[in-house]
>>> print(open('start.tsv').read())   # TSV, C-alpha atoms
chain	number	residue	atom	x	y	z
A	15	MET	CA	27.76	-16.09	-0.86
A	16	THR	CA	24.16	-17.00	-0.07
A	17	PHE	CA	24.07	-14.55	2.85
A	18	LYS	CA	25.45	-11.72	0.68
A	19	PHE	CA	22.88	-12.47	-2.03
A	20	ALA	CA	20.07	-12.51	0.51
A	21	GLN	CA	21.34	-9.25	2.02
A	22	LYS	CA	21.47	-7.56	-1.41
A	23	ALA	CA	18.01	-8.88	-2.27
A	24	ALA	CA	16.62	-7.52	1.01
A	25	ILE	CA	18.17	-4.11	0.35
A	26	ALA	CA	16.79	-4.09	-3.20
A	27	VAL	CA	13.30	-5.01	-1.98
A	28	ALA	CA	13.43	-2.37	0.75
A	29	THR	CA	14.60	0.26	-1.73
A	30	MET	CA	11.85	-0.65	-4.20
A	31	GLY	CA	9.31	-0.48	-1.39
A	32	LEU	CA	10.49	3.01	-0.46
A	33	VAL	CA	10.39	4.18	-4.06
A	34	LEU	CA	6.98	2.64	-4.74
A	35	GLY	CA	5.66	3.81	-1.39
A	36	LEU	CA	6.83	7.33	-2.11
A	37	LYS	CA	5.11	7.30	-5.50
A	38	ALA	CA	1.91	5.94	-3.95
A	39	GLY	CA	2.15	8.55	-1.21
A	40	ILE	CA	2.43	11.35	-3.73
A	41	ALA	CA	-0.53	10.03	-5.75
A	42	ALA	CA	-2.57	9.55	-2.59
A	43	GLU	CA	-2.20	13.25	-1.80
A	44	LYS	CA	-4.18	14.02	-4.97
A	45	ASP	CA	-7.88	13.37	-5.44
A	46	ILE	CA	-9.36	11.22	-8.22
A	47	VAL	CA	-9.58	14.12	-10.69
A	48	ASP	CA	-6.04	15.43	-10.12
A	49	THR	CA	-4.56	11.93	-10.08
A	50	ALA	CA	-6.21	11.12	-13.43
A	51	ALA	CA	-5.23	14.47	-14.94
A	52	GLY	CA	-1.64	14.02	-13.78
A	53	ALA	CA	-1.37	10.58	-15.39
A	54	GLY	CA	-1.50	12.10	-18.88
A	55	GLN	CA	-3.62	9.34	-20.44
A	56	PHE	CA	-7.04	10.57	-19.30
A	57	GLN	CA	-7.37	13.95	-21.03
A	58	THR	CA	-10.64	13.02	-22.75
A	59	LEU	CA	-12.06	11.68	-19.49
A	60	ALA	CA	-11.02	14.87	-17.68
A	61	ALA	CA	-12.71	17.01	-20.36
A	62	ALA	CA	-15.87	14.91	-20.12
A	63	ILE	CA	-15.92	15.14	-16.31
A	64	ASP	CA	-15.60	18.92	-16.61
A	65	ALA	CA	-18.31	19.18	-19.32
A	66	ALA	CA	-20.66	17.08	-17.17
A	67	GLY	CA	-20.10	19.31	-14.15
A	68	LEU	CA	-18.77	16.39	-12.10
A	69	THR	CA	-15.35	17.81	-11.24
A	70	GLU	CA	-16.27	19.08	-7.78
A	71	THR	CA	-18.16	15.86	-6.98
A	72	LEU	CA	-15.17	13.69	-7.88
A	73	LYS	CA	-12.89	16.01	-5.92
A	74	GLY	CA	-15.17	15.48	-2.90
A	75	ALA	CA	-14.67	13.23	0.09
A	76	GLY	CA	-15.76	10.02	-1.62
A	77	PRO	CA	-14.52	7.40	-1.47
A	78	PHE	CA	-14.96	6.49	-5.11
A	79	THR	CA	-13.78	3.67	-7.32
A	80	VAL	CA	-13.38	4.91	-10.89
A	81	PHE	CA	-13.03	2.57	-13.83
A	82	ALA	CA	-11.23	5.10	-16.00
A	83	PRO	CA	-11.10	4.71	-19.78
A	84	THR	CA	-7.91	6.01	-21.37
A	85	ASP	CA	-7.76	8.49	-24.22
A	86	ASP	CA	-7.19	5.51	-26.55
A	87	ALA	CA	-10.37	3.89	-25.20
A	88	PHE	CA	-12.40	6.94	-26.24
A	89	THR	CA	-11.01	6.68	-29.80
A	90	LYS	CA	-12.61	3.22	-30.10
A	91	LEU	CA	-16.11	4.74	-29.86
A	92	PRO	CA	-17.92	5.38	-33.15
A	93	ALA	CA	-16.89	8.61	-34.87
A	94	GLY	CA	-18.59	11.67	-33.41
A	95	THR	CA	-19.69	9.99	-30.17
A	96	VAL	CA	-17.40	11.95	-27.86
A	97	GLU	CA	-18.15	15.24	-29.62
A	98	ASN	CA	-21.90	14.58	-29.31
A	99	LEU	CA	-21.66	13.66	-25.65
A	100	LEU	CA	-19.75	16.86	-24.90
A	101	LYS	CA	-22.51	19.07	-26.32
A	102	PRO	CA	-24.46	20.95	-23.62
A	103	GLU	CA	-27.76	19.47	-24.81
A	104	ASN	CA	-26.41	15.94	-24.15
A	105	ARG	CA	-25.18	16.67	-20.62
A	106	GLU	CA	-27.57	14.19	-18.94
A	107	LYS	CA	-26.44	11.35	-21.23
A	108	LEU	CA	-22.80	12.28	-20.57
A	109	ILE	CA	-23.45	12.22	-16.81
A	110	SER	CA	-25.09	8.80	-17.21
A	111	VAL	CA	-22.07	7.43	-19.10
A	112	LEU	CA	-19.53	8.88	-16.66
A	113	THR	CA	-21.35	7.80	-13.49
A	114	TYR	CA	-21.56	4.30	-14.98
A	115	HIS	CA	-17.76	4.23	-14.54
A	116	VAL	CA	-17.96	5.03	-10.82
A	117	VAL	CA	-18.73	2.68	-7.93
A	118	PRO	CA	-19.26	4.08	-4.43
A	119	GLY	CA	-16.52	3.17	-1.96
A	120	LYS	CA	-12.88	2.31	-2.40
A	121	VAL	CA	-12.81	-1.13	-4.04
A	122	MET	CA	-9.26	-2.37	-4.48
A	123	ALA	CA	-8.37	-4.91	-7.18
A	124	ALA	CA	-8.15	-7.76	-4.66
A	125	ASP	CA	-11.81	-7.11	-3.82
A	126	VAL	CA	-12.97	-6.42	-7.39
A	127	VAL	CA	-11.93	-9.92	-8.50
A	128	LYS	CA	-14.20	-11.46	-5.84
A	129	LEU	CA	-17.28	-9.78	-7.35
A	130	ASN	CA	-19.52	-10.79	-10.25
A	131	GLU	CA	-21.15	-7.39	-10.53
A	132	ALA	CA	-21.20	-3.98	-8.89
A	133	LYS	CA	-23.77	-1.21	-8.68
A	134	THR	CA	-22.52	2.04	-10.18
A	135	VAL	CA	-23.31	5.58	-9.08
A	136	ASN	CA	-25.84	5.88	-11.91
A	137	GLY	CA	-27.76	2.95	-10.45
A	138	LYS	CA	-26.99	0.40	-13.18
A	139	MET	CA	-24.92	-2.73	-12.67
A	140	VAL	CA	-21.59	-3.55	-14.33
A	141	THR	CA	-20.52	-7.15	-14.77
A	142	ILE	CA	-17.13	-8.24	-13.51
A	143	LYS	CA	-15.30	-11.24	-14.95
A	144	ALA	CA	-11.99	-12.38	-13.51
A	145	SER	CA	-9.97	-15.11	-15.20
A	146	GLY	CA	-6.39	-16.12	-15.80
A	147	ASP	CA	-6.37	-13.59	-18.63
A	148	GLY	CA	-7.21	-10.69	-16.32
A	149	VAL	CA	-10.28	-8.77	-15.25
A	150	MET	CA	-13.05	-7.37	-17.42
A	151	ILE	CA	-15.66	-4.78	-16.56
A	152	ASN	CA	-18.46	-5.51	-19.02
A	153	ASP	CA	-16.46	-5.86	-22.27
A	154	ALA	CA	-13.53	-3.66	-21.22
A	155	ASN	CA	-10.21	-5.03	-20.03
A	156	VAL	CA	-8.74	-3.67	-16.82
A	157	THR	CA	-5.19	-2.73	-17.82
A	158	ALA	CA	-3.94	-1.20	-14.55
A	159	THR	CA	-5.25	-1.34	-11.00
A	160	ASP	CA	-5.11	0.28	-7.60
A	161	ILE	CA	-4.00	3.77	-8.61
A	162	ASP	CA	-4.44	5.33	-5.22
A	163	ALA	CA	-6.04	8.73	-4.73
A	164	SER	CA	-6.88	10.65	-1.56
A	165	ASN	CA	-10.59	10.03	-2.09
A	166	GLY	CA	-10.60	6.60	-3.72
A	167	VAL	CA	-8.95	4.43	-6.31
A	168	ILE	CA	-8.67	4.26	-10.11
A	169	HIS	CA	-8.64	1.12	-12.24
A	170	VAL	CA	-7.78	1.71	-15.91
A	171	LEU	CA	-9.97	0.41	-18.76
A	172	ASP	CA	-9.10	-0.08	-22.41
A	173	GLU	CA	-12.69	0.72	-23.53
A	174	VAL	CA	-15.47	3.09	-22.55
A	175	ILE	CA	-18.32	1.14	-20.98
A	176	LEU	CA	-21.81	2.32	-21.87
A	177	PRO	CA	-24.81	1.91	-19.56
A	178	PRO	CA	-27.66	-0.29	-20.75
A	179	GLU	CA	-30.60	1.60	-22.21
A	180	GLY	CA	-33.76	1.97	-20.16
>>> encode(input="start.tsv", output="structure tokens")
Amino acid sequence: MTFKFAQKAAIAVATMGLVLGLKAGIAAEKDIVDTAAGAGQFQTLAAAIDAAGLTETLKGAGPFTVFAPTDDAFTKLPAGTVENLLKPENREKLISVLTYHVVPGKVMAADVVKLNEAKTVNGKMVTIKASGDGVMINDANVTATDIDASNGVIHVLDEVILPPEG
């Protein structure tokens, strides 16, 4: 009985590994932008990336680590914030906000939790807090990690993080 159970468990684990590996392989064929767009929960982020003119950059070789706020995260901002950021006259501020969500290199979750801070593409630092409750980037919770892309990795945030002024 024990051998049969162990054999079934091994088959189940191998099957799960193949299924998960196949999904990761498919995602890894897509770049950061296409992976985020395909997930269905980053439509606002995708629109902001496009409005900022960062699509081609984030489709580039990278590697990039993107702390990606969901559509729900954008709804937590004060009313009118997203609409204002998407206006052409606010493009530089939008770029600043978006590049504050990007760290150069491919930093997997196992490495993120070892850090206290990280320098973003916009030059400002984000704070990283890991505890038994999870990981936070500034005041945002990381809700999903290690979404593999061909040019980096995505970690999902439940809030939009805003760069410090000045």
>>> atom_distance(input="start.tsv", atom1="atom CA of Thr113 of chain A", atom2="atom CA of Asn136 of chain A")
5.1 Å
>>> residues_around(input="start.tsv", residues="segment 92-106 of chain A", least_positions_apart="5", cutoff="9 Å", atoms="all atoms listed in the file", output="number ranges by chain")
A: 58, 61-62, 65-67, 111
>>> closest_residue(input="start.tsv", among="A:Val167, A:Met150, A:Ala158, A:Ala75", to="Lys120 of chain A", atoms="all atoms listed in the file")
A:Val167
>>> residues_around(input="start.tsv", residues="Gly166 of chain A", least_positions_apart="3", cutoff="12 Å", atoms="all atoms listed in the file", output="number ranges by chain")
A: 41-50, 72-81, 116-122, 160-163, 169
>>> residues_near_point(input="start.tsv", point="(-15.8, 5.2, -21.3)", cutoff="8 Å", atoms="only C-alpha atoms", output="PyMOL selection string")
chain A and resi 59+82-84+87-88+111-112+115+171+173-176
>>> closest_residue(input="start.tsv", among="A:Ala51, A:Val126, A:Val140, A:Ala132", to="Thr69 of chain A", atoms="only C-alpha atoms")
A:Ala51
>>> atom_distance(input="start.tsv", atom1="atom CA of Thr71 of chain A", atom2="atom CA of Val135 of chain A")
11.7 Å
>>> closest_residue(input="start.tsv", among="A:Leu68, A:Ala123, A:Ala154, A:Met139", to="Lys90 of chain A", atoms="all atoms listed in the file")
A:Ala154
>>> closest_residue(input="start.tsv", among="A:Ile168, A:Gln57, A:Ile151, A:Tyr114", to="Lys133 of chain A", atoms="all atoms listed in the file")
A:Tyr114
>>> residues_around(input="start.tsv", residues="Lys128 of chain A", least_positions_apart="5", cutoff="10 Å", atoms="only C-alpha atoms", output="VMD selection string")
chain A and resid 123 142 to 144
>>> atom_distance(input="start.tsv", atom1="atom CA of Pro177 of chain A", atom2="atom CA of Leu108 of chain A")
10.6 Å
